[in-house]
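Raw contents of structure36.pdb, PDB, C-alpha atoms:
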```pdb
MODEL        1
ATOM      1  CA  MET M   1      29.899 -31.455 -20.802
ATOM      2  CA  ASP M   2      26.428 -32.906 -21.421
ATOM      3  CA  ASN M   3      24.668 -31.151 -24.303
ATOM      4  CA  ARG M   4      21.151 -32.029 -23.110
ATOM      5  CA  ILE M   5      20.176 -30.896 -19.639
ATOM      6  CA  PRO M   6      16.845 -31.747 -17.954
ATOM      7  CA  VAL M   7      14.814 -28.742 -16.839
ATOM      8  CA  THR M   8      11.636 -28.596 -14.770
ATOM      9  CA  ILE M   9       9.207 -25.790 -15.600
ATOM     10  CA  PRO M  10       6.886 -24.865 -12.693
ATOM     11  CA  ILE M  11       3.363 -24.128 -13.929
ATOM     12  CA  GLN M  12       2.159 -20.696 -12.872
ATOM     13  CA  GLU M  13      -1.544 -20.079 -12.430
ATOM     14  CA  TRP M  14      -1.658 -17.467 -15.203
ATOM     15  CA  TYR M  15      -0.346 -19.892 -17.817
ATOM     16  CA  LYS M  16      -3.916 -21.252 -18.069
ATOM     17  CA  ASP M  17      -4.968 -17.998 -19.750
ATOM     18  CA  HIS M  18      -2.613 -18.576 -22.703
ATOM     19  CA  CYS M  19      -4.637 -20.803 -25.023
ATOM     20  CA  PHE M  20      -4.678 -21.711 -28.682
ATOM     21  CA  GLY M  21      -6.939 -24.163 -30.462
ATOM     22  CA  GLY M  22      -8.699 -24.997 -27.184
ATOM     23  CA  LYS M  23      -5.451 -26.063 -25.509
ATOM     24  CA  THR M  24      -3.230 -24.343 -22.953
ATOM     25  CA  VAL M  25       0.183 -23.703 -24.509
ATOM     26  CA  PHE M  26       3.446 -22.375 -23.125
ATOM     27  CA  ALA M  27       3.863 -18.758 -24.220
ATOM     28  CA  ALA M  28       6.751 -17.778 -26.492
ATOM     29  CA  VAL M  29       7.790 -15.090 -23.993
ATOM     30  CA  GLU M  30       8.037 -17.756 -21.275
ATOM     31  CA  THR M  31      10.124 -19.973 -23.559
ATOM     32  CA  MET M  32      12.602 -17.114 -23.874
ATOM     33  CA  ILE M  33      12.884 -16.899 -20.083
ATOM     34  CA  VAL M  34      13.579 -20.626 -19.734
ATOM     35  CA  LEU M  35      16.223 -20.635 -22.493
ATOM     36  CA  ALA M  36      17.930 -17.439 -21.312
ATOM     37  CA  ASP M  37      18.097 -18.775 -17.760
ATOM     38  CA  GLY M  38      19.578 -22.069 -18.922
ATOM     39  CA  ALA M  39      22.092 -20.309 -21.176
ATOM     40  CA  GLN M  40      23.197 -17.962 -18.385
ATOM     41  CA  GLN M  41      23.729 -20.864 -15.985
ATOM     42  CA  ARG M  42      25.763 -22.739 -18.549
ATOM     43  CA  ARG M  43      27.778 -19.695 -19.682
ATOM     44  CA  PRO M  44      27.793 -16.831 -17.132
ATOM     45  CA  ASP M  45      29.773 -14.678 -19.598
ATOM     46  CA  LEU M  46      26.842 -14.445 -22.023
ATOM     47  CA  ASN M  47      24.860 -11.267 -22.536
ATOM     48  CA  VAL M  48      21.337 -12.703 -22.349
ATOM     49  CA  SER M  49      19.758  -9.261 -22.816
ATOM     50  CA  VAL M  50      20.382  -9.729 -26.550
ATOM     51  CA  LEU M  51      18.554 -12.737 -27.981
ATOM     52  CA  LYS M  52      19.249 -13.745 -31.565
ATOM     53  CA  ASP M  53      18.178 -16.159 -34.295
ATOM     54  CA  CYS M  54      14.996 -17.195 -32.533
ATOM     55  CA  ARG M  55      12.699 -19.886 -33.845
ATOM     56  CA  PHE M  56       9.500 -21.221 -32.312
ATOM     57  CA  ALA M  57       8.666 -24.637 -33.719
ATOM     58  CA  LYS M  58       5.851 -26.648 -32.129
ATOM     59  CA  PHE M  59       3.705 -25.488 -29.225
ATOM     60  CA  LEU M  60       4.529 -26.955 -25.826
ATOM     61  CA  GLU M  61       1.131 -28.017 -24.562
ATOM     62  CA  ILE M  62       0.440 -27.707 -20.821
ATOM     63  CA  PRO M  63      -1.796 -30.546 -19.605
ATOM     64  CA  THR M  64      -4.526 -29.787 -17.114
ATOM     65  CA  ASP M  65      -3.925 -30.448 -13.422
ATOM     66  CA  VAL M  66      -0.121 -30.540 -13.525
ATOM     67  CA  ASN M  67       2.207 -28.492 -11.339
ATOM     68  CA  GLU M  68       5.289 -28.752 -13.522
ATOM     69  CA  ILE M  69       6.528 -29.892 -16.911
ATOM     70  CA  ASP M  70       9.695 -31.868 -17.524
ATOM     71  CA  ALA M  71      11.663 -30.742 -20.569
ATOM     72  CA  LEU M  72      15.212 -30.623 -21.926
ATOM     73  CA  ILE M  73      17.500 -27.833 -23.039
ATOM     74  CA  GLU M  74      19.926 -28.807 -25.782
ATOM     75  CA  TYR M  75      23.064 -26.673 -26.101
ATOM     76  CA  SER M  76      25.547 -26.258 -28.927
ATOM     77  CA  GLU M  77      28.412 -23.814 -29.458
ATOM     78  CA  ASP M  78      30.104 -22.570 -32.599
ATOM     79  CA  ASP M  79      33.729 -21.590 -33.182
ATOM     80  CA  GLU M  80      32.989 -17.956 -32.330
ATOM     81  CA  GLY M  81      31.690 -18.813 -28.862
ATOM     82  CA  ARG M  82      28.019 -18.316 -29.656
ATOM     83  CA  LEU M  83      25.715 -20.569 -27.649
ATOM     84  CA  GLN M  84      22.507 -21.965 -29.114
ATOM     85  CA  ALA M  85      19.846 -23.293 -26.733
ATOM     86  CA  LYS M  86      16.821 -25.382 -27.761
ATOM     87  CA  LEU M  87      13.806 -26.283 -25.637
ATOM     88  CA  LEU M  88      12.725 -29.892 -26.202
ATOM     89  CA  SER M  89      10.154 -32.264 -24.760
ATOM     90  CA  GLN M  90       9.954 -36.044 -24.958
ATOM     91  CA  LEU M  91       6.981 -37.867 -26.415
ATOM     92  CA  GLN M  92       6.366 -41.492 -25.528
ATOM     93  CA  ILE M  93       5.012 -43.350 -28.561
ATOM     94  CA  GLY M  94       4.558 -47.005 -27.661
ATOM     95  CA  THR M  95       7.967 -48.254 -26.642
ATOM     96  CA  MET M  96       9.791 -45.420 -28.384
ATOM     97  CA  ARG M  97      10.624 -41.890 -27.263
ATOM     98  CA  ARG M  98      10.620 -38.988 -29.669
ATOM     99  CA  LEU M  99      12.035 -35.520 -29.083
ATOM    100  CA  LYS M 100       9.873 -32.558 -29.992
ATOM    101  CA  GLU M 101      11.412 -29.114 -30.462
ATOM    102  CA  HIS M 102       9.576 -26.029 -29.195
ATOM    103  CA  GLY M 103      11.970 -23.098 -29.456
ATOM    104  CA  GLU M 104      15.570 -22.045 -29.922
ATOM    105  CA  LEU M 105      17.691 -18.971 -29.255
ATOM    106  CA  SER M 106      21.317 -17.924 -29.623
ATOM    107  CA  PHE M 107      23.418 -15.819 -27.264
ATOM    108  CA  SER M 108      26.962 -14.481 -27.286
ATOM    109  CA  SER M 109      29.243 -12.693 -24.845
ATOM    110  CA  SER M 110      29.736  -9.693 -27.147
ATOM    111  CA  PRO M 111      26.582  -9.329 -29.237
ATOM    112  CA  SER M 112      26.432  -6.748 -31.994
ATOM    113  CA  PHE M 113      23.877  -3.932 -31.889
ATOM    114  CA  PRO M 114      22.076  -2.540 -34.934
ATOM    115  CA  ALA M 115      23.306   0.780 -36.268
ATOM    116  CA  SER M 116      19.816   2.223 -35.846
ATOM    117  CA  LEU M 117      16.464   1.254 -34.396
ATOM    118  CA  PRO M 118      13.006   2.044 -35.741
ATOM    119  CA  ASP M 119      11.466   5.090 -34.064
ATOM    120  CA  LEU M 120       7.982   3.929 -33.152
ATOM    121  CA  TYR M 121       7.293   5.917 -29.984
ATOM    122  CA  GLU M 122       4.812   8.444 -31.371
ATOM    123  CA  LYS M 123       1.528   7.632 -33.023
ATOM    124  CA  PRO M 124       1.635   8.418 -36.760
ATOM    125  CA  ALA M 125       0.331  11.884 -37.561
ATOM    126  CA  SER M 126      -2.187  10.544 -40.074
ATOM    127  CA  LYS M 127      -5.692   9.521 -39.104
ATOM    128  CA  PRO M 128      -5.836   5.840 -38.124
ATOM    129  CA  LEU M 129      -7.550   3.471 -40.520
ATOM    130  CA  LYS M 130      -9.148   1.683 -37.595
ATOM    131  CA  GLU M 131      -9.418   2.011 -33.818
ATOM    132  CA  ILE M 132     -10.106  -1.172 -31.841
ATOM    133  CA  ASP M 133     -10.971  -1.271 -28.164
ATOM    134  CA  ALA M 134      -8.709  -3.616 -26.194
ATOM    135  CA  GLY M 135     -11.778  -5.487 -24.948
ATOM    136  CA  VAL M 136     -12.694  -6.299 -28.541
ATOM    137  CA  VAL M 137      -9.123  -7.395 -29.265
ATOM    138  CA  TYR M 138      -9.242 -10.035 -26.549
ATOM    139  CA  ARG M 139     -12.829 -11.041 -27.203
ATOM    140  CA  ASP M 140     -12.603 -11.500 -30.972
ATOM    141  CA  LEU M 141      -9.028 -11.327 -32.305
ATOM    142  CA  VAL M 142      -6.585 -12.634 -29.663
ATOM    143  CA  PRO M 143      -8.812 -14.773 -27.410
ATOM    144  CA  PHE M 144      -6.497 -15.160 -24.414
ATOM    145  CA  GLY M 145      -7.582 -15.099 -20.781
ATOM    146  CA  PRO M 146      -7.335 -11.993 -18.569
ATOM    147  CA  SER M 147      -3.769 -12.542 -17.356
ATOM    148  CA  TYR M 148      -2.516 -11.873 -20.885
ATOM    149  CA  HIS M 149      -4.676  -8.823 -21.617
ATOM    150  CA  SER M 150      -1.600  -6.595 -21.818
ATOM    151  CA  LEU M 151      -3.015  -4.261 -24.456
ATOM    152  CA  GLN M 152      -5.130  -1.556 -22.836
ATOM    153  CA  GLU M 153      -7.510   1.174 -23.968
ATOM    154  CA  THR M 154      -7.448   1.574 -27.770
ATOM    155  CA  LEU M 155      -5.264  -0.080 -30.400
ATOM    156  CA  TYR M 156      -4.701   2.253 -33.374
ATOM    157  CA  LEU M 157      -4.139   0.713 -36.806
ATOM    158  CA  TYR M 158      -2.551   2.552 -39.720
ATOM    159  CA  GLU M 159      -1.218   1.481 -43.083
ATOM    160  CA  ARG M 160       1.203  -1.254 -41.969
ATOM    161  CA  ARG M 161       1.550   0.309 -38.511
ATOM    162  CA  ALA M 162      -0.017  -0.269 -35.102
ATOM    163  CA  TRP M 163       0.266   1.729 -31.900
ATOM    164  CA  GLY M 164      -1.063   0.906 -28.460
ATOM    165  CA  THR M 165      -0.789   1.094 -24.690
ATOM    166  CA  LEU M 166       0.506  -1.794 -22.595
ATOM    167  CA  GLN M 167       0.027  -2.632 -18.943
ATOM    168  CA  ALA M 168       2.146  -5.210 -17.129
ATOM    169  CA  PRO M 169       0.000  -7.025 -14.540
ATOM    170  CA  LYS M 170       0.922  -7.449 -10.895
ATOM    171  CA  MET M 171       2.691 -10.742 -11.491
ATOM    172  CA  PRO M 172       5.967 -11.281  -9.626
ATOM    173  CA  PHE M 173       9.178 -12.303 -11.333
ATOM    174  CA  THR M 174       9.362 -16.097 -11.091
ATOM    175  CA  ASN M 175      12.926 -16.470 -12.364
ATOM    176  CA  PRO M 176      16.023 -14.406 -11.449
ATOM    177  CA  ILE M 177      16.815 -14.002 -15.161
ATOM    178  CA  GLN M 178      13.843 -11.622 -15.371
ATOM    179  CA  GLN M 179      15.990  -8.994 -13.691
ATOM    180  CA  LYS M 180      17.635  -8.860 -17.140
ATOM    181  CA  LEU M 181      14.675  -9.707 -19.399
ATOM    182  CA  GLY M 182      11.859  -8.022 -17.483
ATOM    183  CA  SER M 183       8.178  -8.907 -17.309
ATOM    184  CA  PRO M 184       7.049 -11.123 -20.199
ATOM    185  CA  PHE M 185       3.627  -9.484 -20.489
ATOM    186  CA  PRO M 186       4.457  -6.200 -22.282
ATOM    187  CA  LEU M 187       6.264  -8.021 -25.100
ATOM    188  CA  ASP M 188       3.405 -10.506 -25.329
ATOM    189  CA  GLY M 189       1.005  -7.566 -25.689
ATOM    190  CA  ALA M 190       3.166  -5.923 -28.358
ATOM    191  CA  MET M 191       3.011  -9.154 -30.350
ATOM    192  CA  HIS M 192      -0.774  -9.120 -29.915
ATOM    193  CA  ALA M 193      -0.744  -5.723 -31.641
ATOM    194  CA  ALA M 194       1.207  -7.268 -34.522
ATOM    195  CA  CYS M 195      -1.276 -10.152 -34.629
ATOM    196  CA  VAL M 196      -4.210  -7.756 -34.916
ATOM    197  CA  LEU M 197      -2.473  -5.695 -37.585
ATOM    198  CA  GLY M 198      -1.755  -8.864 -39.521
ATOM    199  CA  GLN M 199      -5.394  -9.910 -39.413
ATOM    200  CA  GLN M 200      -6.227  -6.874 -41.538
ATOM    201  CA  TYR M 201      -4.376  -8.596 -44.409
ATOM    202  CA  VAL M 202      -5.089 -12.325 -43.957
ATOM    203  CA  ASP M 203      -8.011 -14.468 -42.833
ATOM    204  CA  TYR M 204      -6.201 -16.098 -39.895
ATOM    205  CA  ALA M 205      -4.539 -14.923 -36.684
ATOM    206  CA  PRO M 206      -0.778 -14.762 -37.320
ATOM    207  CA  PHE M 207       1.366 -15.793 -34.345
ATOM    208  CA  PRO M 208       5.128 -15.444 -33.796
ATOM    209  CA  THR M 209       7.368 -18.129 -35.246
ATOM    210  CA  GLY M 210      10.713 -16.418 -34.528
ATOM    211  CA  PHE M 211      12.735 -13.241 -34.888
ATOM    212  CA  ASN M 212      16.191 -12.053 -35.869
ATOM    213  CA  LYS M 213      17.023 -10.139 -32.706
ATOM    214  CA  ARG M 214      15.486  -8.981 -29.436
ATOM    215  CA  ILE M 215      17.348  -6.343 -27.424
ATOM    216  CA  VAL M 216      16.359  -5.576 -23.834
ATOM    217  CA  PHE M 217      17.694  -2.132 -22.906
ATOM    218  CA  LYS M 218      15.714  -1.649 -19.681
ATOM    219  CA  PRO M 219      13.709  -4.568 -18.263
ATOM    220  CA  THR M 220       9.981  -3.937 -18.104
ATOM    221  CA  GLN M 221       8.484  -4.113 -14.614
ATOM    222  CA  PRO M 222       5.300  -5.549 -13.066
ATOM    223  CA  GLU M 223       2.427  -3.052 -12.715
ATOM    224  CA  ALA M 224       4.105  -0.525 -15.043
ATOM    225  CA  SER M 225       2.526   0.934 -18.183
ATOM    226  CA  TYR M 226       4.234   1.267 -21.562
ATOM    227  CA  ARG M 227       3.650   2.203 -25.181
ATOM    228  CA  THR M 228       4.294  -0.003 -28.155
ATOM    229  CA  GLY M 229       4.772   0.715 -31.827
ATOM    230  CA  VAL M 230       4.686  -1.989 -34.501
ATOM    231  CA  GLU M 231       5.625  -1.732 -38.168
ATOM    232  CA  MET M 232       5.077  -4.310 -40.887
ATOM    233  CA  VAL M 233       8.346  -4.687 -42.794
ATOM    234  CA  SER M 234       7.197  -7.194 -45.403
ATOM    235  CA  PHE M 235       4.152  -9.251 -46.263
ATOM    236  CA  THR M 236       3.398 -12.427 -48.193
ATOM    237  CA  GLU M 237       0.438 -14.768 -47.901
ATOM    238  CA  GLY M 238       2.569 -17.188 -45.901
ATOM    239  CA  GLU M 239       4.562 -14.859 -43.653
ATOM    240  CA  GLN M 240       4.547 -11.346 -42.248
ATOM    241  CA  ILE M 241       7.652  -9.670 -40.817
ATOM    242  CA  TYR M 242       7.574  -6.878 -38.244
ATOM    243  CA  ASN M 243       9.725  -4.621 -36.137
ATOM    244  CA  LEU M 244       8.373  -3.533 -32.778
ATOM    245  CA  ALA M 245       9.506  -1.488 -29.811
ATOM    246  CA  ILE M 246       8.345  -0.889 -26.251
ATOM    247  CA  TYR M 247       8.785   2.467 -24.522
ATOM    248  CA  ASP M 248       7.961   3.947 -21.145
ATOM    249  CA  ASN M 249       5.737   7.003 -20.954
ATOM    250  CA  GLU M 250       8.762   9.316 -20.976
ATOM    251  CA  GLY M 251       9.882   7.956 -24.346
ATOM    252  CA  ASP M 252      12.797   5.794 -23.181
ATOM    253  CA  ILE M 253      13.058   2.550 -25.104
ATOM    254  CA  HIS M 254      12.890  -0.630 -23.035
ATOM    255  CA  GLU M 255      13.184  -3.243 -25.722
ATOM    256  CA  ALA M 256      12.988  -3.843 -29.441
ATOM    257  CA  VAL M 257      12.368  -6.887 -31.605
ATOM    258  CA  LEU M 258      13.686  -6.848 -35.162
ATOM    259  CA  GLY M 259      12.556  -9.191 -37.895
ATOM    260  CA  LEU M 260       9.625 -10.713 -35.983
ATOM    261  CA  ARG M 261       8.150 -13.470 -38.151
ATOM    262  CA  MET M 262       4.402 -14.145 -37.934
ATOM    263  CA  ARG M 263       2.610 -17.059 -39.617
ATOM    264  CA  ASP M 264      -0.444 -19.279 -39.473
ATOM    265  CA  VAL M 265       0.511 -21.642 -36.626
ATOM    266  CA  ARG M 266      -2.497 -23.944 -36.497
ATOM    267  CA  ARG M 267      -0.266 -26.892 -37.382
ATOM    268  CA  ALA M 268       1.998 -26.166 -34.414
ATOM    269  CA  LEU M 269      -0.319 -28.129 -32.098
ATOM    270  CA  ARG M 270       0.257 -31.352 -34.046
TER     271      ARG M 270
ENDMDL
END
```

Could the structure of this file be written out as C-alpha cells, please?
Amino acid sequence: MDNRIPVTIPIQEWYKDHCFGGKTVFAAVETMIVLADGAQQRRPDLNVSVLKDCRFAKFLEIPTDVNEIDALIEYSEDDEGRLQAKLLSQLQIGTMRRLKEHGELSFSSSPSFPASLPDLYEKPASKPLKEIDAGVVYRDLVPFGPSYHSLQETLYLYERRAWGTLQAPKMPFTNPIQQKLGSPFPLDGAMHAACVLGQQYVDYAPFPTGFNKRIVFKPTQPEASYRTGVEMVSFTEGEQIYNLAIYDNEGDIHEAVLGLRMRDVRRALR
C-alpha cells in the first residue's frame, strides 16, 4: 500500500480570514479535519474522535486566487496498529522538488482516555485580573478576519486561567468527518483564548504548535454557542502549555485538548 497519497484541499471562502504575517494560512483546525478524514478512509477501524501526538510544523500558505491546493498525506503504522498521518506539500526549487511538512497526528482503534479531565466549565470565583472585549481581541491581539471571530462578548483573564464564550458561525460541514469532529470554529476560538492569555506573559502572540491529545465527546455544531475554559499548565520563555475544554451551556463537555503547546511561530512561514 502506497504510504503517500495525493489529496486535494478545496479552498473555502472563509479561509481568507485566517491570516498570519500578512499571508493567508491553512488553519490548524482544518489540518486536523484533512488528516482525520484521510486516516479514516485508510483505516475505517480507527477512532478519529481521539487525536494524539499532534505537531504543527510549517504553515501551509494559501495563494490568492486559487480554488484548491494539492498536497500529500504520508501514512505510517507501528506494531501496535497506531496510524500516523502527516500533511505535506511539494515545493519546486529549480529542477528539484522538496517536501514540506505542515502537521501530523496519530490515531488508534482503541485509544486510551485520561483518568480525569480538568474542570473548566465555571468561571473562577476570584475577580478577574483583566476583562477584554471580543472586539478588542480580534482587533489587537488575534487579528483574524470575521469568519474566525469565534470568541464573543467578554474574555475573562485570571492568574493562568481564561474563560470565555464561543459562537460557531453558520458555516456548513464541508467534510463528512466533521460529523465526528464537529465545527472547527469553537476549538479555534478556544485556542484564541489561550493565545490572549499567553500574551500577558510574553511580548509575542503564541500560536499552537501541537498537543498531546484532543478528545471529541460531542461534536460542536454550526450556529451553536459554547463556553470555554483554558488553564496554563506550564510556562517558559520559549513555550507555554495549556489544557482547554469546550462545554455547551448546560455544562456538558464537548471536547478537551490536553497538553496544548503554544510558541512564537513567526518562523513557520519560512

(request) Using the chain letters and residue numbers of this document, give as a PyMOL selection string the residues selected by the PyMOL selection byres ((chain M and resi 193) around 9). (result) chain M and resi 137+151+155+157+162-164+188-192+194-198+228-230

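When all atoms listed in the file are used to measure the gap to Arg160 in chain M, the shortest distance among M:Leu35, M:Val136, M:Glu231, M:Pro172 belongs to M:Glu231.
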
Any chance you could tabulate, as JSON lines, the residues of range 169-255 of chain M at most 8 Å from range 52-75 of chain M with each one's nearest atom pair and distance in Å to one decimal, using all atoms listed in the file, in chain and rising number order?
```
{"residue": "M:Pro208", "atom": "CA", "partner": "M:Phe56", "partner_atom": "CA", "distance": 7.4}
{"residue": "M:Thr209", "atom": "CA", "partner": "M:Phe56", "partner_atom": "CA", "distance": 4.8}
{"residue": "M:Gly210", "atom": "CA", "partner": "M:Arg55", "partner_atom": "CA", "distance": 4.1}
{"residue": "M:Phe211", "atom": "CA", "partner": "M:Cys54", "partner_atom": "CA", "distance": 5.1}
{"residue": "M:Asn212", "atom": "CA", "partner": "M:Asp53", "partner_atom": "CA", "distance": 4.8}
{"residue": "M:Lys213", "atom": "CA", "partner": "M:Lys52", "partner_atom": "CA", "distance": 4.4}
{"residue": "M:Arg214", "atom": "CA", "partner": "M:Lys52", "partner_atom": "CA", "distance": 6.4}
```

(message) Would you compute the distance between CA of Ala36 in chain M and CA of Val48 in chain M? Give it in Å to one decimal.
(response) 5.9 Å

(request) Might you spell out which residues the PyMOL selection byres ((chain M and resi 118) around 8) would select in the displayed file, as a PyMOL selection string? (result) chain M and resi 116-117+119-120+243-245

(message) Please compute the CA of Leu166 in chain M-CA of Phe235 in chain M distance, one decimal, in Å.
(response) 25.1 Å

(message) Could you list, as number ranges by chain, every residue matched by the PyMOL selection byres ((chain M and resi 88) around 10) in this structure?
(response) M: 4-7, 58, 60, 70-74, 85-87, 89-91, 98-104

(request) Go ahead and compute the interatomic distance for CA of Ala134 in chain M and CA of Gln199 in chain M, in Å to one decimal. (result) 15.0 Å

(request) Using all atoms listed in the file, find all polymer residues with an atom at most 9 Å away from the point (1.7, -18.4, -18.4); report them as a VMD selection string. (result) chain M and resid 11 to 18 24 to 27 29 to 30 147 to 148

Can you spit out the residues from that selection as a PDB file, in the frame of the given file, using C-alpha atoms?
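File produced: out_34.pdb:
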```
ATOM      1  CA  ILE M  11       3.363 -24.128 -13.929  1.00  0.00           C
ATOM      2  CA  GLN M  12       2.159 -20.696 -12.872  1.00  0.00           C
ATOM      3  CA  GLU M  13      -1.544 -20.079 -12.430  1.00  0.00           C
ATOM      4  CA  TRP M  14      -1.658 -17.467 -15.203  1.00  0.00           C
ATOM      5  CA  TYR M  15      -0.346 -19.892 -17.817  1.00  0.00           C
ATOM      6  CA  LYS M  16      -3.916 -21.252 -18.069  1.00  0.00           C
ATOM      7  CA  ASP M  17      -4.968 -17.998 -19.750  1.00  0.00           C
ATOM      8  CA  HIS M  18      -2.613 -18.576 -22.703  1.00  0.00           C
ATOM      9  CA  THR M  24      -3.230 -24.343 -22.953  1.00  0.00           C
ATOM     10  CA  VAL M  25       0.183 -23.703 -24.509  1.00  0.00           C
ATOM     11  CA  PHE M  26       3.446 -22.375 -23.125  1.00  0.00           C
ATOM     12  CA  ALA M  27       3.863 -18.758 -24.220  1.00  0.00           C
ATOM     13  CA  VAL M  29       7.790 -15.090 -23.993  1.00  0.00           C
ATOM     14  CA  GLU M  30       8.037 -17.756 -21.275  1.00  0.00           C
ATOM     15  CA  SER M 147      -3.769 -12.542 -17.356  1.00  0.00           C
ATOM     16  CA  TYR M 148      -2.516 -11.873 -20.885  1.00  0.00           C
TER      17      TYR M 148
END
```

(request) Find, counting only C-alpha atoms, the residue in M:Cys19, M:Leu260, M:Ile215, M:Ala205 that gets nearest to Ser112 in chain M. (result) M:Ile215

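For the choices M:Pro184, M:Pro222, M:Pro44, M:Gly259, the atom-to-atom distance to Pro169 in chain M is smallest for M:Pro222 when using only C-alpha atoms.
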
Give me, as a PDB file with C-alpha atoms, keeping the file's coordinate frame, all polymer residues having an atom no more than 7 Å from Gly81 in chain M, counting all atoms listed in the file and skipping those fewer than 3 positions away in the same chain.
```pdb
ATOM      1  CA  GLU M  77      28.412 -23.814 -29.458  1.00  0.00           C
ATOM      2  CA  ASP M  78      30.104 -22.570 -32.599  1.00  0.00           C
ATOM      3  CA  SER M 108      26.962 -14.481 -27.286  1.00  0.00           C
TER       4      SER M 108
END
```

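Counting all atoms listed in the file, the residue from M:Glu159, M:Ala256, M:Ser110, M:Pro219 that sits nearest to Met232 in chain M is M:Glu159.
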
Starting from 3 Å padding per side, set up an axis-aligned box that covers all listed atoms of range 41-45 of chain M and hand over centre and edge lengths in Å, one decimal, as JSON.
```
{"center_x": 26.8, "center_y": -18.7, "center_z": -17.8, "size_x": 12.0, "size_y": 14.1, "size_z": 9.7}
```

(message) With distances taken over all atoms listed in the file, which residue among M:Ala39, M:Val257, M:Leu129, M:Ile246 lies nearest Phe185 in chain M?
(response) M:Ile246

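Minimum atom-to-atom distance to Asn47 in chain M, evaluated using all atoms listed in the file, belongs to M:Phe217 out of M:Ala125, M:Ile9, M:Tyr204, M:Phe217.
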